[in-house]
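J.: Just passing along the structure, written as structure tokens.
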Amino acid sequence: MSKWKMMNYVIHSYYDYDEADSMFEDMQLIYKEDRVLERKFEGEWIRQGFIDYIYEK
């Protein structure tokens with residue numbers, strides 16, 4: 001059995017692109033992506049923005 005335990009967390013928060021970076025200063029950034037999607041929601045077109053992070057502690 002691996003000594004690493006996989007943990008899957010999704011955190012929903014509302015920040016500007018670089019605003020949350022200071023909360024992860026004690027971790028190593030592996031990946032960061034800024035995405036904008038347009039899709040239909042309840043018959044209306046909406047725009048959603050996402051900032052995805054992968055960090056290693």
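Each chain in the structure tokens gets a letter, A, B and so on, in the order shown; residues start at 1 in every chain, and ligands are counted from 1 in the order they appear.
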Could you name the residues that touch Gly49 of chain A at 8 Å or less, counting only C-alpha atoms, but leaving out those on the same chain fewer than 6 positions away, as an MDAnalysis selection string?
T.: chainID A and resid 34:37
J.: Just to be explicit: take each residue in the selection above, keep N, CA, C and O atoms, and write the result as a compact mmCIF listing (two decimals), in the first residue's frame.
T.:
# COMPACT_ATOMS: atom_id res chain seq x y z
N ASP A 34 -6.24 29.55 -15.32
CA ASP A 34 -7.38 30.47 -15.31
C ASP A 34 -8.27 30.09 -16.49
O ASP A 34 -7.82 30.08 -17.63
N ARG A 35 -9.53 29.73 -16.21
CA ARG A 35 -10.45 29.30 -17.27
C ARG A 35 -11.72 30.14 -17.24
O ARG A 35 -12.20 30.50 -16.17
N VAL A 36 -12.26 30.41 -18.41
CA VAL A 36 -13.55 31.08 -18.54
C VAL A 36 -14.41 30.23 -19.47
O VAL A 36 -13.99 29.90 -20.58
N LEU A 37 -15.59 29.86 -19.00
CA LEU A 37 -16.51 29.04 -19.78
C LEU A 37 -17.81 29.80 -20.00
O LEU A 37 -18.27 30.52 -19.12
J.: Report as number ranges by chain all protein, DNA and RNA residues lying within 7 Å of Glu38 of chain A, evaluated on only C-alpha atoms, omitting residues in the same chain fewer than 4 positions from it.
T.: A: 45-48
J.: Which polymer residues have any atom within 12 Å of an atom of Asp16 of chain A, counting only C-alpha atoms, with same-chain residues fewer than 3 positions away left out, as a ChimeraX atom specification?
T.: /A:13,19-21,34,49-51
J.: Calculate how many Å separate atom CA of Glu44 of chain A from atom CA of Tyr15 of chain A, rounding to one decimal.
T.: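 Taking atom CA of Glu44 of chain A and atom CA of Tyr15 of chain A, their separation equals 24.3 Å.
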J.: Distance atom CA of Met27 of chain A-atom CA of Tyr53 of chain A, one decimal place?
T.: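 So the two atoms, atom CA of Met27 of chain A and atom CA of Tyr53 of chain A, lie 11.3 Å apart.
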